[in-house]
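Structure first, commentary second.
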There are 2 protein chains.
Amino acid sequence: MREFAAIHTVFTPLALNYAGSLGLRDDAALLRLAQGQELVVTTDAISEGIHFLGTEAPEWIAKKLLRSNLSDLAAMGAKPECYFLSIMLPENTSDAWIARFGQGLAEDQALFGIQLAGGDTITTKGLFSASVTAMGTVKMGTSLRRSGAKAGNTIYVSGTLGDSALGLALLQERLGVEVSPVDSLWLKERYFLPHPRVGLGQKLVGVVSAAMDISDGLVQDLGHICAASGVGAVLHRKWLPLSDAAAHVIDKQDDWWQAVLAGGDDYELLFTVPATAQEQVKAIGEELHLKLTMVGEIVAGEGVSVQDEHGIDVTPERGGYSHAL
Amino acid sequence: MREFAAIHTVFTPLALNYAGSLGLRDDAALLRLAQGQELVVTTDAISEGIHFLGTEAPEWIAKKLLRSNLSDLAAMGAKPECYFLSIMLPENTSDAWIARFGQGLAEDQALFGIQLAGGDTITTKGLFSASVTAMGTVKMGTSLRRSGAKAGNTIYVSGTLGDSALGLALLQERLGVEVSPVDSLWLKERYFLPHPRVGLGQKLVGVVSAAMDISDGLVQDLGHICAASGVGAVLHRKWLPLSDAAAHVIDKQDDWWQAVLAGGDDYELLFTVPATAQEQVKAIGEELHLKLTMVGEIVAGEGVSVQDEHGIDVTPERGGYSHAL
């Protein structure tokens, strides 16, 4: 087995600011919780050719991996603390590639206030894959959850939807419509680099009745909230927040609503709001300079339906990606 | 992307006994610590053709993955609590294979008192790989560490050494000596299924001055304790604990001392004991019915040397495997 010379020089510095990492020099890391806190733990993995194309800058692959985990922490309302990284490197991986992967992590550690605490680097005879287990903290008993939505609550999403799925379609040359250079850049960037709503998640604690992040597609993910909460939901397609770029694509090809409703990789937060908290949500959006859009309402019953502006059912057959665990 | 039908039926039951897993149905798991406890966290990954042959029973692959993590918890003196699992499955993986992998986890969960708390299952276009992040607890400030060994301390190991490396050599048909069917079975079994010393690790808390698990080879791993503690070490080759099977091999081919000194995959505990704690260590071994053998002593200086029964230096050039993180 070949050793990767860059690994110690690349990864050890990423753990220096986290005392519990023990400098990556012991058998495990140590982690303490302040009194009244609990730990929120999530795991997300990626593999080449499935979750990323393989041609991306190594920095972007690293960031997408870390950010998909950060989005799960955001969905629970947690403050990011530390993460553990497993990477499976093909034998021909260059030290320069590893250094750039580490550079991406370093930049996002600074941006999101999270530290490397431990990990494992192994060789693979297959393609590159990697897994992160990320940890955050919440005040005990306050984490956002998928259960808790009640009939009469309104449904909100952050940011805009569908950009990432349209960006991927563009990269794979299956978009089928012309887009301007500006729109192209926007859509691709949104596919490569999600923006986990870490600040928003923490602000929503104690305010919303249920929350999750949209990673597999709006309709499918809202279905998870409905199932966990024992309710149904109605979405109004016309209310869904679109970027200019996505609106331009849909103007030309109506079928691309599918990307907005079920595209996946949005990494926006989806949450349900009781009538008493509408003003608070509005204030949070203004404070964070982040678009929060009402997109529908929770109803008695089960399942998710989507209506167009004429009240006609336009629920997609496929609501999102199929995943497990 | 294909969904693996077996996944929900296989993995969800493994998480049922851990309340913080939220039934694997939320964005993350929740974890609380009793007052005065701290968390010990480790990550170990495996990939096909590197860490296992690929022809093993799926149950054994699962167990080796989990047990290598449990061995790290043992090395820190931690009580196992829960783990997070990422698996990268080739597209042609059968549901039966996944079910048997899960069966292996289920058996070891029961054996070692650890629960699945979360994870991610992804498809890979490459070979199978997997990563576990395992968590245990210790009383705050008491975890075993690699630093702390002092000149005059004696050095101990649990169990026997070299069996796993000899088992692998046998499986790869490069052992070069005849072994009996009984010896063959013993050596191969020790390669396939390590025995993490989870009970021992917890008993050694407050007793020993330094500890780690031997996963990369005795000499190299003892070198880590020496480096972390600022000391040197002398090992007496004649004192090293051998199984009957390993002794038979070495009788026939003296070169196989290399497997004992630097073979890797032993997953035994290596620890240093102050003069005042010798009796306690003896009592712990008797209580656990586990062989604990004095193999050398910590000395002033640096580095590890190995002496044969005539006091001649037989330190191997290669002390173990090279790893990272």
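Identifiers for the structure tokens are assigned positionally: chains receive A, B, ... in sequence, residues are indexed from 1 per chain, and ligands are indexed from 1 in the order shown.
Residue-level contact on chain A: within 6 Å of chain B, counting only C-alpha atoms, the set is Asp27, Ala28, Ala29, Leu30, Leu31, Arg32, Glu38, Leu39, Val40, Val41, Thr42, Thr43, Asp44, Ser47, Asp72, Gly119, Asp120, Thr121, Thr124, Gly126, Leu127, Ala324 and Leu325 of chain A.
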So that I can see what lies close to Leu70 in chain A, please list as a list of chain:residue names the residues with an atom at most 7 Å from it, counting only C-alpha atoms and leaving out residues fewer than 4 positions away in the same chain.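 Using only C-alpha atoms, the neighbours found are A:Leu66, A:Ala74, A:Pro196, A:Val198.
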Using only C-alpha atoms, which residue out of B:Val179, B:Cys82, B:Ala110, B:Ala259 lies closest to Ala165 in chain B?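 Nearest to Ala165 in chain B: B:Ala259.
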Selected residue, from B:Leu204, B:Ile298, B:Leu16, B:Val260, that lies nearest to Gln109 in chain B when counting only C-alpha atoms: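 Ranking B:Leu204, B:Ile298, B:Leu16, B:Val260 by distance to Gln109 in chain B, first place goes to B:Leu16.
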In Å, how far is it from CA of Lys238 in chain B to CA of Leu290 in chain B? 19.6 Å
DSSP-assigned strand (DSSP E) among range 51-266 of chain B, expressed as a count of residues only: 48
Taking only C-alpha atoms into account, which of B:Phe271, B:Leu240, B:Gln307, B:Ala245 comes nearest Asp183 in chain B?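 Closest to Asp183 in chain B, using only C-alpha atoms: B:Ala245.
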Which value, in Å to one decimal, gives the distance between CA of Ala277 in chain B and CA of Leu200 in chain B? 14.8 Å
Based on the backbone DSSP call, show me all residues of range 163-241 of chain B assigned alpha helix (DSSP H), as a PyMOL selection string. chain B and resi 163-171+181-192+198-204+218-229
Next, write the just-selected residues to a file, as a PDB file, in the first residue's frame, keeping C-alpha atoms as the atom set.
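File produced: selection25.pdb:
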```pdb
ATOM      1  CA  ASP B 163      -1.617 -14.468  13.958  1.00  0.00           C
ATOM      2  CA  SER B 164      -3.525 -12.162  11.648  1.00  0.00           C
ATOM      3  CA  ALA B 165      -0.526 -11.365   9.447  1.00  0.00           C
ATOM      4  CA  LEU B 166       0.309 -15.073   9.210  1.00  0.00           C
ATOM      5  CA  GLY B 167      -3.328 -15.828   8.384  1.00  0.00           C
ATOM      6  CA  LEU B 168      -3.231 -13.324   5.538  1.00  0.00           C
ATOM      7  CA  ALA B 169       0.056 -14.790   4.254  1.00  0.00           C
ATOM      8  CA  LEU B 170      -1.571 -18.211   4.336  1.00  0.00           C
ATOM      9  CA  LEU B 171      -4.619 -16.966   2.441  1.00  0.00           C
ATOM     10  CA  PRO B 181      -5.423 -27.843   9.487  1.00  0.00           C
ATOM     11  CA  VAL B 182      -5.961 -26.700  13.087  1.00  0.00           C
ATOM     12  CA  ASP B 183      -3.250 -24.032  12.869  1.00  0.00           C
ATOM     13  CA  SER B 184      -4.515 -22.941   9.465  1.00  0.00           C
ATOM     14  CA  LEU B 185      -8.022 -22.402  10.804  1.00  0.00           C
ATOM     15  CA  TRP B 186      -6.762 -20.446  13.817  1.00  0.00           C
ATOM     16  CA  LEU B 187      -4.568 -18.112  11.768  1.00  0.00           C
ATOM     17  CA  LYS B 188      -7.171 -17.414   9.088  1.00  0.00           C
ATOM     18  CA  GLU B 189      -9.904 -16.824  11.650  1.00  0.00           C
ATOM     19  CA  ARG B 190      -7.679 -14.297  13.398  1.00  0.00           C
ATOM     20  CA  TYR B 191      -7.208 -12.440  10.117  1.00  0.00           C
ATOM     21  CA  PHE B 192     -10.918 -12.406   9.329  1.00  0.00           C
ATOM     22  CA  VAL B 198     -13.238  -3.559  24.775  1.00  0.00           C
ATOM     23  CA  GLY B 199     -13.579  -4.938  28.305  1.00  0.00           C
ATOM     24  CA  LEU B 200      -9.861  -4.740  28.953  1.00  0.00           C
ATOM     25  CA  GLY B 201      -9.601  -1.132  27.779  1.00  0.00           C
ATOM     26  CA  GLN B 202     -12.219  -0.003  30.280  1.00  0.00           C
ATOM     27  CA  LYS B 203     -10.488  -1.875  33.120  1.00  0.00           C
ATOM     28  CA  LEU B 204      -7.139  -0.255  32.334  1.00  0.00           C
ATOM     29  CA  LEU B 218       3.888  -3.836  17.311  1.00  0.00           C
ATOM     30  CA  VAL B 219       7.156  -1.996  16.714  1.00  0.00           C
ATOM     31  CA  GLN B 220       5.633   0.854  14.753  1.00  0.00           C
ATOM     32  CA  ASP B 221       2.735   1.295  17.164  1.00  0.00           C
ATOM     33  CA  LEU B 222       4.996   1.206  20.211  1.00  0.00           C
ATOM     34  CA  GLY B 223       6.995   3.872  18.396  1.00  0.00           C
ATOM     35  CA  HIS B 224       3.881   6.072  18.468  1.00  0.00           C
ATOM     36  CA  ILE B 225       3.633   5.686  22.256  1.00  0.00           C
ATOM     37  CA  CYS B 226       7.347   6.508  22.577  1.00  0.00           C
ATOM     38  CA  ALA B 227       7.037   9.592  20.366  1.00  0.00           C
ATOM     39  CA  ALA B 228       3.916  10.836  22.193  1.00  0.00           C
ATOM     40  CA  SER B 229       5.536  10.213  25.591  1.00  0.00           C
TER      41      SER B 229
END
```
Using only C-alpha atoms, which of the listed residues (B:Leu116, B:Ile98, B:Ile61, B:Ala300) sits closest to Pro13 in chain B?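 Between B:Leu116, B:Ile98, B:Ile61, B:Ala300, the residue approaching Pro13 in chain B most closely is B:Leu116.
Note that CA of Gly232 in chain A and CA of Gly301 in chain A are 4.8 Å apart.
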